[in-house]
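S.K.: One file: entry_36.cif (mmCIF, C-alpha atoms).
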```cif
data_entry
#
loop_
_atom_site.label_atom_id
_atom_site.label_comp_id
_atom_site.auth_asym_id
_atom_site.auth_seq_id
_atom_site.Cartn_x
_atom_site.Cartn_y
_atom_site.Cartn_z
CA MET A 17 204.30 112.48 -17.16
CA LYS A 18 201.19 114.30 -15.93
CA LYS A 19 199.58 114.11 -19.37
CA ALA A 20 200.31 110.38 -19.60
CA LEU A 21 198.90 109.80 -16.11
CA SER A 22 195.75 111.75 -16.98
CA VAL A 23 195.20 109.61 -20.06
CA PHE A 24 195.76 106.43 -18.05
CA LEU A 25 193.38 107.47 -15.27
CA ALA A 26 190.77 108.44 -17.82
CA PHE A 27 191.06 104.95 -19.31
CA VAL A 28 190.71 103.32 -15.89
CA ILE A 29 187.67 105.45 -15.04
CA ALA A 30 186.09 104.59 -18.38
CA ILE A 31 186.60 100.87 -17.76
CA THR A 32 185.11 101.19 -14.27
CA ALA A 33 182.16 103.17 -15.58
CA SER A 34 181.53 100.49 -18.17
CA ALA A 35 181.55 97.79 -15.49
CA CYS A 36 179.04 99.82 -13.47
CA SER A 37 176.81 100.77 -16.39
CA ASP A 38 173.92 98.66 -15.11
CA THR A 39 173.83 100.52 -11.79
CA GLU A 40 173.54 104.27 -11.31
CA PRO A 41 176.20 105.53 -8.84
CA SER A 42 175.10 107.71 -5.92
CA SER A 43 176.97 110.53 -4.14
CA THR A 44 177.54 110.03 -1.23
CA ASP A 45 201.87 106.30 15.81
CA SER A 46 200.04 105.25 17.99
CA SER A 47 200.90 101.82 16.82
CA SER A 48 202.68 98.85 18.37
CA ASP A 49 204.79 100.68 20.95
CA SER A 50 201.82 102.60 22.31
CA VAL A 51 199.32 99.79 22.65
CA SER A 52 199.78 97.84 25.83
CA SER A 53 197.24 98.35 28.57
CA ALA A 54 193.72 99.56 29.17
CA ILE A 55 193.26 102.81 31.02
CA GLU A 56 191.69 102.86 34.47
CA SER A 57 189.84 106.18 34.25
CA THR A 58 186.06 106.20 34.28
CA ASP A 59 185.76 109.88 33.38
CA GLY A 60 184.01 110.10 30.06
CA GLU A 61 180.79 110.61 28.17
CA SER A 62 178.04 108.03 28.03
CA THR A 63 176.95 106.63 24.71
CA ASP A 64 173.31 106.84 23.66
CA ASN A 65 172.74 103.13 24.23
CA GLU A 66 173.84 102.59 27.83
CA SER A 67 170.88 100.49 28.79
CA SER A 68 168.82 99.54 25.77
CA GLY A 69 171.47 99.24 23.07
CA SER A 70 169.36 101.34 20.72
CA GLN A 71 170.98 103.81 18.33
CA ASP A 72 169.71 106.67 16.22
CA SER A 73 172.50 106.10 13.71
CA GLU A 74 171.94 104.65 10.27
CA ASN A 75 174.19 101.74 11.24
CA SER A 76 172.55 100.52 14.42
CA GLY A 77 175.11 97.84 15.11
CA ASP A 78 172.43 95.13 15.02
CA VAL A 79 174.03 91.84 14.07
CA SER A 80 172.68 90.14 10.97
CA ASP A 81 173.35 86.46 10.36
CA ASP A 82 172.10 86.66 6.78
CA ILE A 83 174.36 89.01 4.84
CA PRO A 84 173.81 88.38 1.13
CA ASP A 85 176.84 87.62 -1.01
CA VAL A 86 177.30 90.06 -3.87
CA GLU A 87 179.25 89.71 -7.07
CA GLY A 88 182.29 91.87 -7.74
CA GLY A 89 183.98 94.07 -5.20
CA PHE A 90 185.36 97.49 -4.41
CA SER A 91 187.04 99.39 -7.23
CA VAL A 92 189.07 102.57 -7.37
CA SER A 93 187.78 105.12 -9.87
CA GLY A 94 190.00 108.19 -9.89
CA THR A 95 189.77 109.78 -6.45
CA LYS A 96 186.73 107.70 -5.45
CA LEU A 97 186.20 104.23 -4.06
CA LEU A 98 183.16 102.48 -5.50
CA ASP A 99 181.51 99.54 -3.76
CA ALA A 100 180.32 96.37 -5.48
CA ASN A 101 177.06 98.13 -6.41
CA CYS A 102 179.04 100.96 -8.02
CA ASN A 103 178.05 103.42 -5.30
CA GLU A 104 180.66 105.73 -3.82
CA PHE A 105 181.82 104.59 -0.40
CA VAL A 106 183.39 106.98 2.13
CA PHE A 107 185.06 105.45 5.17
CA ARG A 108 183.85 106.62 8.56
CA GLY A 109 185.50 104.16 10.86
CA ILE A 110 187.57 103.20 13.86
CA ASN A 111 190.81 101.26 14.35
CA HIS A 112 190.73 98.18 16.57
CA ALA A 113 193.96 96.72 18.03
CA HIS A 114 192.85 93.11 17.62
CA THR A 115 196.14 91.27 17.61
CA TRP A 116 196.97 92.42 21.17
CA PHE A 117 193.43 91.97 22.47
CA LYS A 118 192.13 88.90 20.65
CA ASP A 119 189.72 88.04 23.46
CA GLN A 120 187.84 91.34 23.04
CA LEU A 121 186.70 90.84 19.44
CA ASP A 122 183.14 89.78 20.24
CA VAL A 123 182.67 92.78 22.52
CA ALA A 124 184.53 95.41 20.51
CA LEU A 125 183.07 94.88 17.04
CA PRO A 126 179.39 95.27 17.99
CA ALA A 127 180.31 98.26 20.16
CA ILE A 128 182.17 99.92 17.29
CA ALA A 129 179.27 99.22 14.95
CA ALA A 130 176.89 100.79 17.48
CA THR A 131 178.72 104.12 17.10
CA GLY A 132 177.51 104.29 13.51
CA ALA A 133 180.89 103.38 12.05
CA ASN A 134 180.63 101.92 8.56
CA SER A 135 184.12 100.41 8.70
CA VAL A 136 186.76 99.08 11.06
CA ARG A 137 190.50 98.77 10.55
CA ILE A 138 191.76 95.57 12.17
CA VAL A 139 195.32 95.19 13.48
CA LEU A 140 196.73 91.76 12.55
CA SER A 141 200.12 90.10 12.97
CA ASP A 142 202.02 88.04 10.42
CA GLY A 143 204.04 86.46 13.23
CA GLY A 144 207.06 88.72 12.83
CA GLN A 145 206.66 90.41 16.21
CA TRP A 146 203.50 89.02 17.77
CA THR A 147 201.38 85.89 17.70
CA LYS A 148 200.31 85.27 14.14
CA ASP A 149 196.66 85.68 13.23
CA GLY A 150 195.95 82.52 11.26
CA ALA A 151 193.54 81.81 8.44
CA ALA A 152 190.69 80.58 10.67
CA SER A 153 190.96 83.66 12.86
CA VAL A 154 190.97 86.06 9.90
CA LYS A 155 188.00 84.29 8.33
CA ASN A 156 186.12 84.70 11.60
CA ILE A 157 186.98 88.40 11.80
CA ILE A 158 185.72 89.00 8.27
CA GLN A 159 182.47 87.21 9.02
CA LYS A 160 181.89 89.18 12.22
CA CYS A 161 182.55 92.47 10.42
CA LYS A 162 179.97 91.47 7.81
CA GLU A 163 177.46 90.54 10.51
CA ASN A 164 177.95 93.98 12.06
CA LYS A 165 177.62 95.66 8.65
CA MET A 166 181.10 97.16 8.64
CA ILE A 167 183.67 97.08 5.85
CA ALA A 168 186.90 95.55 7.13
CA ILE A 169 190.32 97.03 6.46
CA LEU A 170 192.81 94.32 7.40
CA GLU A 171 196.38 95.45 8.10
CA VAL A 172 199.65 93.78 9.15
CA HIS A 173 201.30 95.70 11.98
CA ASP A 174 204.64 93.87 12.33
CA ALA A 175 206.43 95.97 9.70
CA THR A 176 205.57 99.29 11.35
CA GLY A 177 208.38 101.81 11.00
CA MET A 178 210.78 99.37 9.36
CA ASP A 179 212.72 100.30 6.24
CA ASP A 180 213.88 96.86 5.13
CA THR A 181 212.12 95.27 2.18
CA ALA A 182 212.21 91.88 3.94
CA SER A 183 209.57 92.99 6.44
CA LEU A 184 207.32 94.30 3.66
CA ASN A 185 207.71 91.09 1.73
CA MET A 186 206.92 89.08 4.85
CA ALA A 187 203.66 91.00 5.12
CA ALA A 188 202.97 90.32 1.43
CA ASP A 189 203.67 86.61 1.93
CA TYR A 190 201.16 86.62 4.79
CA TRP A 191 198.46 87.92 2.48
CA ILE A 192 199.41 85.38 -0.15
CA GLU A 193 198.97 82.64 2.48
CA LEU A 194 195.48 84.04 3.08
CA ALA A 195 194.53 84.20 -0.61
CA ASP A 196 191.91 81.47 -0.24
CA VAL A 197 190.38 83.26 2.76
CA LEU A 198 190.26 86.56 0.87
CA ALA A 199 188.73 85.03 -2.26
CA GLY A 200 185.11 86.08 -2.46
CA THR A 201 185.49 88.91 0.10
CA GLU A 202 186.24 91.64 -2.41
CA ALA A 203 182.98 93.43 -1.63
CA TYR A 204 183.67 93.51 2.12
CA VAL A 205 187.44 93.61 2.71
CA ILE A 206 190.25 96.06 1.89
CA VAL A 207 193.82 94.72 2.18
CA ASN A 208 196.15 97.25 3.86
CA ILE A 209 199.45 95.54 3.04
CA ALA A 210 201.57 96.82 5.94
CA ASN A 211 200.92 99.43 8.60
CA GLU A 212 203.32 102.38 8.34
CA TRP A 213 206.05 100.41 6.61
CA PHE A 214 209.09 102.62 5.91
CA GLY A 215 209.75 104.88 8.86
CA SER A 216 212.16 107.13 6.99
CA TRP A 217 211.19 110.46 5.48
CA ASN A 218 214.15 110.26 3.08
CA ASN A 219 215.00 108.04 0.11
CA LEU A 220 211.33 107.82 -0.76
CA GLU A 221 212.18 106.11 -4.02
CA ALA A 222 212.97 103.00 -1.96
CA TRP A 223 209.43 103.11 -0.53
CA ARG A 224 208.02 103.49 -4.03
CA ASP A 225 210.12 100.72 -5.57
CA ALA A 226 209.32 98.22 -2.84
CA TYR A 227 205.58 98.63 -3.34
CA ILE A 228 206.00 98.51 -7.11
CA ASP A 229 207.61 95.08 -6.63
CA VAL A 230 205.06 93.78 -4.12
CA LEU A 231 201.77 94.67 -5.85
CA PRO A 232 202.13 92.32 -8.84
CA LYS A 233 203.02 89.45 -6.47
CA LEU A 234 199.74 89.87 -4.63
CA ARG A 235 197.77 89.99 -7.86
CA ASP A 236 199.62 86.96 -9.27
CA ALA A 237 198.55 85.06 -6.13
CA GLY A 238 194.92 85.72 -7.04
CA ILE A 239 194.18 88.49 -4.53
CA LYS A 240 191.52 90.72 -6.11
CA ASN A 241 190.64 92.94 -3.14
CA THR A 242 191.24 96.68 -3.29
CA ILE A 243 194.72 97.29 -1.86
CA LEU A 244 195.60 100.09 0.55
CA VAL A 245 199.16 101.46 0.81
CA ASP A 246 200.32 103.51 3.81
CA SER A 247 202.59 106.49 3.24
CA ALA A 248 206.21 106.51 4.39
CA GLY A 249 207.49 108.29 7.51
CA TRP A 250 205.49 106.12 9.94
CA GLY A 251 202.44 106.89 7.82
CA GLN A 252 202.85 110.68 8.07
CA CYS A 253 205.13 111.50 5.14
CA ALA A 254 202.41 112.59 2.75
CA ASP A 255 204.99 113.66 0.17
CA SER A 256 205.71 109.98 -0.51
CA VAL A 257 202.13 109.60 -1.71
CA LEU A 258 201.93 112.96 -3.45
CA LYS A 259 205.14 112.23 -5.38
CA TYR A 260 204.97 108.52 -6.09
CA ALA A 261 201.42 107.21 -5.69
CA PRO A 262 200.82 107.31 -9.48
CA ASP A 263 203.84 105.06 -10.05
CA ILE A 264 202.60 102.54 -7.48
CA PHE A 265 199.05 102.69 -8.84
CA ASN A 266 200.34 101.97 -12.34
CA ALA A 267 202.18 98.89 -11.02
CA ASP A 268 198.89 97.29 -9.96
CA PRO A 269 197.68 95.10 -12.84
CA ASP A 270 194.12 95.52 -11.56
CA ALA A 271 194.39 99.33 -11.21
CA ASN A 272 192.70 98.97 -7.82
CA THR A 273 195.02 100.54 -5.25
CA MET A 274 194.31 103.41 -2.88
CA PHE A 275 196.51 105.25 -0.39
CA SER A 276 196.52 106.31 3.25
CA VAL A 277 198.12 109.08 5.30
CA HIS A 278 198.10 108.91 9.10
CA MET A 279 197.57 112.30 10.69
CA TYR A 280 199.21 113.06 14.01
CA GLY A 281 201.59 115.87 15.02
CA ALA A 282 203.23 116.15 11.60
CA ALA A 283 200.65 115.44 8.88
CA GLY A 284 197.73 116.62 11.02
CA LYS A 285 199.26 119.58 12.80
CA ASN A 286 197.17 122.38 11.28
CA GLU A 287 194.52 123.20 8.71
CA ALA A 288 196.98 124.29 6.03
CA THR A 289 198.93 121.03 6.19
CA ILE A 290 195.80 118.90 6.23
CA SER A 291 194.29 120.78 3.30
CA ARG A 292 197.51 120.56 1.28
CA ILE A 293 197.61 116.78 1.69
CA ILE A 294 193.96 116.00 1.01
CA ASN A 295 193.48 118.48 -1.82
CA GLY A 296 196.87 117.60 -3.25
CA ALA A 297 195.78 113.98 -3.58
CA ILE A 298 192.53 115.05 -5.22
CA ASP A 299 194.40 117.27 -7.68
CA LEU A 300 196.70 114.34 -8.46
CA GLY A 301 193.72 112.09 -9.14
CA ILE A 302 194.47 109.43 -6.53
CA CYS A 303 192.17 107.84 -3.98
CA LEU A 304 193.27 108.80 -0.45
CA ILE A 305 191.94 108.14 3.04
CA ILE A 306 193.11 109.18 6.49
CA GLY A 307 193.74 105.71 7.87
CA GLU A 308 194.61 106.88 11.38
CA PHE A 309 194.35 110.12 13.34
CA GLY A 310 193.93 111.30 16.90
CA TYR A 311 193.37 114.57 18.70
CA ASN A 312 196.84 114.66 20.20
CA HIS A 313 200.05 112.65 20.10
CA SER A 314 203.57 112.44 21.43
CA ASP A 315 204.80 114.35 18.35
CA GLY A 316 202.42 117.27 18.86
CA ASP A 317 198.87 118.51 18.88
CA VAL A 318 196.51 117.39 16.11
CA ASP A 319 193.85 119.57 14.47
CA GLU A 320 191.19 116.86 14.50
CA ALA A 321 188.38 119.34 13.81
CA SER A 322 190.00 120.37 10.52
CA ILE A 323 190.66 116.75 9.58
CA MET A 324 187.00 115.82 10.02
CA ARG A 325 185.72 118.99 8.36
CA ILE A 326 187.97 118.82 5.31
CA CYS A 327 187.31 115.11 4.92
CA THR A 328 183.57 115.83 4.99
CA GLU A 329 183.86 118.69 2.50
CA THR A 330 185.95 116.62 0.06
CA GLY A 331 184.33 113.21 0.51
CA THR A 332 187.52 111.74 1.96
CA GLY A 333 187.37 108.75 4.27
CA TYR A 334 188.77 108.70 7.79
CA LEU A 335 189.32 106.20 10.60
CA GLY A 336 190.13 107.28 14.13
CA TRP A 337 192.81 105.61 16.26
CA SER A 338 191.76 103.64 18.30
CA TRP A 339 188.90 101.95 20.11
CA LYS A 340 190.79 100.94 23.26
CA GLY A 341 194.04 99.47 24.58
CA ASN A 342 196.52 102.30 24.05
CA GLY A 343 199.52 102.47 26.36
CA GLY A 344 203.05 103.83 26.38
CA GLY A 345 201.94 107.32 27.33
CA VAL A 346 199.19 107.75 24.73
CA GLU A 347 196.34 106.23 26.70
CA TYR A 348 194.41 109.38 25.87
CA LEU A 349 193.87 107.99 22.37
CA ASP A 350 191.39 105.43 23.70
CA LEU A 351 188.01 106.27 22.21
CA ALA A 352 186.16 104.09 24.71
CA ILE A 353 186.69 103.75 28.45
CA THR A 354 185.42 100.16 28.38
CA TRP A 355 185.46 97.64 25.55
CA ASP A 356 181.67 97.70 25.30
CA GLY A 357 181.77 101.43 24.57
CA ILE A 358 179.14 102.37 27.12
CA ILE A 359 181.31 105.33 28.15
CA LEU A 360 183.35 107.28 25.60
CA SER A 361 186.40 109.35 26.44
CA SER A 362 185.29 112.96 26.57
CA ASP A 363 188.33 114.46 24.81
CA TRP A 364 188.46 112.01 21.92
CA GLY A 365 185.72 109.38 21.71
CA ALA A 366 182.85 111.82 22.12
CA VAL A 367 184.44 114.21 19.60
CA LEU A 368 185.06 111.62 16.89
CA ILE A 369 181.74 109.87 17.26
CA LYS A 370 179.29 112.60 18.32
CA GLY A 371 181.06 115.79 17.28
CA GLU A 372 180.59 118.04 14.28
CA ASN A 373 181.54 116.14 11.10
CA GLY A 374 181.91 113.05 13.28
CA ILE A 375 180.90 109.47 12.65
CA LYS A 376 177.27 109.71 13.72
CA GLU A 377 176.70 112.78 11.59
CA THR A 378 178.46 111.65 8.41
CA SER A 379 178.67 107.85 8.27
CA LYS A 380 176.68 105.94 5.66
CA ILE A 381 176.52 102.17 5.68
CA CYS A 382 177.92 100.46 2.59
CA SER A 383 175.19 99.64 0.06
CA VAL A 384 176.22 95.96 -0.05
CA PHE A 385 174.54 95.60 3.35
CA GLU A 386 171.23 97.15 2.27
#
```
Since I need it in another form, could you write the structure as structure tokens?
M.R.:
Amino acid sequence: MKKALSVFLAFVIAITASACSDTEPSSTDSSSDSVSSAIESTDGESTDNESSGSQDSENSGDVSDDIPDVEGGFSVSGTKLLDANCNEFVFRGINHAHTWFKDQLDVALPAIAATGANSVRIVLSDGGQWTKDGAASVKNIIQKCKENKMIAILEVHDATGMDDTASLNMAADYWIELADVLAGTEAYVIVNIANEWFGSWNNLEAWRDAYIDVLPKLRDAGIKNTILVDSAGWGQCADSVLKYAPDIFNADPDANTMFSVHMYGAAGKNEATISRIINGAIDLGICLIIGEFGYNHSDGDVDEASIMRICTETGTGYLGWSWKGNGGGVEYLDLAITWDGIILSSDWGAVLIKGENGIKETSKICSVFE
């Protein structure tokens, strides 16, 4: 099995390298039940742009109305994600709970971009639990992310923690409905099929088989974007990815699927666990990102310093949870005290954005915006 996978991955990498031959590559839950209300505290750390809006980061957050369209899109090449210019892209981003705070989009996105983030993961709803984000709304979100020079990861949150295949298929049907909106966005948008679908840590074959069934449906509908699959166990069961990611990858006719582990009190509890997950994925030859993490959670303390350091050392992407709007006892996961980000939370926002191996220090804007 391992030998066959190695041969297959080598073939995929060769095909990708051929497609990129004209360009030289360069190196480079805290979910639905905990998002309800904004915190009232004003104790935090000021950002660098309180008054003038200026930033010393490579991604200044300046809005551009003239983002050039580029041919092609993101592609997975072994453990790496290559952008449309065949340059390696490493996520340094922030999650934004859009579907519960739709009226904050125009404030939140420029503020997130001003941190230096090169990407933003957007919470959407397929209508299963919350008000559906329709085609016009999603098209607008994509455009605003482009204007702020951030790669968008779009995810459906309604299936969070559910084990039934119906909820996963409902999320897939939502993306199929949006196929026309997604067409032509392959260089700017990653499709995260369903946030933390499959809450169980057992019967992981069911998680595997469901995604094996869903991927070809998305491709048959004409969706060409890179696809992101969350691990089982509310996103924290890394063994689901380390055991079965190759099978899911092989089910994608486009060979363009990557994987995500969310690191809280289980997957992110200590350096040894974090290292085992990230380096295990690298050894397996799959493309992995840390799609969510915090510095603490209801299931235990999180070693955020090790997450950021190991991600930096290995070239692994990460996205912190979340900009603002957390409730249900995890209000401390708000990165910003106000939606405009003028004041960051001292325990989390300042650490993720300004700390060692943080966003400001390690983020590089995607080359499609240069």
S.K.: Identify, on the basis of only C-alpha atoms, every residue whose closest approach to Asp180 of chain A does not exceed 10 Å; exclude the query and any residue fewer than 6 positions from it along the same chain; express the result as a count of residues only.
M.R.: 6
S.K.: Which is closer to Leu121 of chain A than all the others in A:Val139, A:Ala133, A:Ala321, A:Leu300, using all atoms listed in the file?
M.R.: A:Val139
S.K.: Just say which residues the PyMOL selection byres ((chain A and resi 331-333) around 6) picks in this file, as a ChimeraX atom specification.
M.R.: /A:106-108,305,327-330,334
S.K.: Determine the residue set returned by the PyMOL selection byres ((chain A and resi 250) around 12) for the present structure, and present it as a ChimeraX atom specification.
M.R.: /A:45-48,173,175-179,210-218,223,246-249,251-254,256,276-283,307-308,315
S.K.: For the selection you just gave me, I'd like the residues written to a file as a PDB file, keeping the file's coordinate frame, keeping C-alpha atoms.
M.R.:
```pdb
ATOM      1  CA  ASP A  45     201.870 106.300  15.810  1.00  0.00           C
ATOM      2  CA  SER A  46     200.040 105.250  17.990  1.00  0.00           C
ATOM      3  CA  SER A  47     200.900 101.820  16.820  1.00  0.00           C
ATOM      4  CA  SER A  48     202.680  98.850  18.370  1.00  0.00           C
ATOM      5  CA  HIS A 173     201.300  95.700  11.980  1.00  0.00           C
ATOM      6  CA  ALA A 175     206.430  95.970   9.700  1.00  0.00           C
ATOM      7  CA  THR A 176     205.570  99.290  11.350  1.00  0.00           C
ATOM      8  CA  GLY A 177     208.380 101.810  11.000  1.00  0.00           C
ATOM      9  CA  MET A 178     210.780  99.370   9.360  1.00  0.00           C
ATOM     10  CA  ASP A 179     212.720 100.300   6.240  1.00  0.00           C
ATOM     11  CA  ALA A 210     201.570  96.820   5.940  1.00  0.00           C
ATOM     12  CA  ASN A 211     200.920  99.430   8.600  1.00  0.00           C
ATOM     13  CA  GLU A 212     203.320 102.380   8.340  1.00  0.00           C
ATOM     14  CA  TRP A 213     206.050 100.410   6.610  1.00  0.00           C
ATOM     15  CA  PHE A 214     209.090 102.620   5.910  1.00  0.00           C
ATOM     16  CA  GLY A 215     209.750 104.880   8.860  1.00  0.00           C
ATOM     17  CA  SER A 216     212.160 107.130   6.990  1.00  0.00           C
ATOM     18  CA  TRP A 217     211.190 110.460   5.480  1.00  0.00           C
ATOM     19  CA  ASN A 218     214.150 110.260   3.080  1.00  0.00           C
ATOM     20  CA  TRP A 223     209.430 103.110  -0.530  1.00  0.00           C
ATOM     21  CA  ASP A 246     200.320 103.510   3.810  1.00  0.00           C
ATOM     22  CA  SER A 247     202.590 106.490   3.240  1.00  0.00           C
ATOM     23  CA  ALA A 248     206.210 106.510   4.390  1.00  0.00           C
ATOM     24  CA  GLY A 249     207.490 108.290   7.510  1.00  0.00           C
ATOM     25  CA  GLY A 251     202.440 106.890   7.820  1.00  0.00           C
ATOM     26  CA  GLN A 252     202.850 110.680   8.070  1.00  0.00           C
ATOM     27  CA  CYS A 253     205.130 111.500   5.140  1.00  0.00           C
ATOM     28  CA  ALA A 254     202.410 112.590   2.750  1.00  0.00           C
ATOM     29  CA  SER A 256     205.710 109.980  -0.510  1.00  0.00           C
ATOM     30  CA  SER A 276     196.520 106.310   3.250  1.00  0.00           C
ATOM     31  CA  VAL A 277     198.120 109.080   5.300  1.00  0.00           C
ATOM     32  CA  HIS A 278     198.100 108.910   9.100  1.00  0.00           C
ATOM     33  CA  MET A 279     197.570 112.300  10.690  1.00  0.00           C
ATOM     34  CA  TYR A 280     199.210 113.060  14.010  1.00  0.00           C
ATOM     35  CA  GLY A 281     201.590 115.870  15.020  1.00  0.00           C
ATOM     36  CA  ALA A 282     203.230 116.150  11.600  1.00  0.00           C
ATOM     37  CA  ALA A 283     200.650 115.440   8.880  1.00  0.00           C
ATOM     38  CA  GLY A 307     193.740 105.710   7.870  1.00  0.00           C
ATOM     39  CA  GLU A 308     194.610 106.880  11.380  1.00  0.00           C
ATOM     40  CA  ASP A 315     204.800 114.350  18.350  1.00  0.00           C
TER      41      ASP A 315
END
```
S.K.: Ala352 of chain A: which residues within 9 Å, counting all atoms listed in the file, same-chain residues fewer than 6 positions away excluded, as an MDAnalysis selection string?
M.R.: chainID A and resid 60 338:340 358:361 364:366
S.K.: Just to confirm, what's the straight-line distance from atom CA of Asn373 of chain A to atom CA of Thr354 of chain A in Å (one decimal)?
M.R.: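 Separating atom CA of Asn373 of chain A from atom CA of Thr354 of chain A is a distance of 23.9 Å.
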S.K.: If the PyMOL selection byres ((chain A and resi 263-267) around 8) is run on the structure shown, which residues does it catch, given as number ranges by chain?
M.R.: A: 224-225, 227-229, 231-232, 260-262, 268-269, 271-274
S.K.: What is the atom CA of Pro126 of chain A to atom CA of Val154 of chain A distance in Å?
M.R.: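 Interatomic distance, atom CA of Pro126 of chain A to atom CA of Val154 of chain A: 16.9 Å.
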S.K.: So what do you get for atom CA of Ala199 of chain A versus atom CA of Gly88 of chain A, distance-wise?
M.R.: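 Between atom CA of Ala199 of chain A and atom CA of Gly88 of chain A the gap works out to 10.9 Å.
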S.K.: Calculated over all atoms listed in the file, which of the candidates A:Ala187, A:Val86, A:Val318, A:Val207 has the smallest distance to Leu349 of chain A?
M.R.: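 Closest candidate: A:Val318.
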S.K.: Which residues come within 12 Å of Gly371 of chain A, counting all atoms listed in the file, excluding same-chain residues fewer than 6 positions away, as a count of residues only?
M.R.: 11
S.K.: For Asn101 of chain A, which of A:Leu125, A:Leu351, A:Ala288, A:Val384 is the closest residue, counting only C-alpha atoms?
M.R.: A:Val384
S.K.: Given all atoms listed in the file as the basis, pick out the residue of A:Ile326, A:Asp99, A:Ala237, A:Ala130 nearest to Glu193 of chain A.
M.R.: A:Ala237
S.K.: Counting only C-alpha atoms, which residues come within 12 Å of (188.3, 86.0, 21.4), with the point read in the file's coordinates, and could you list them as a VMD selection string?
M.R.: chain A and resid 114 to 125 149 153 to 154 156 to 157 160
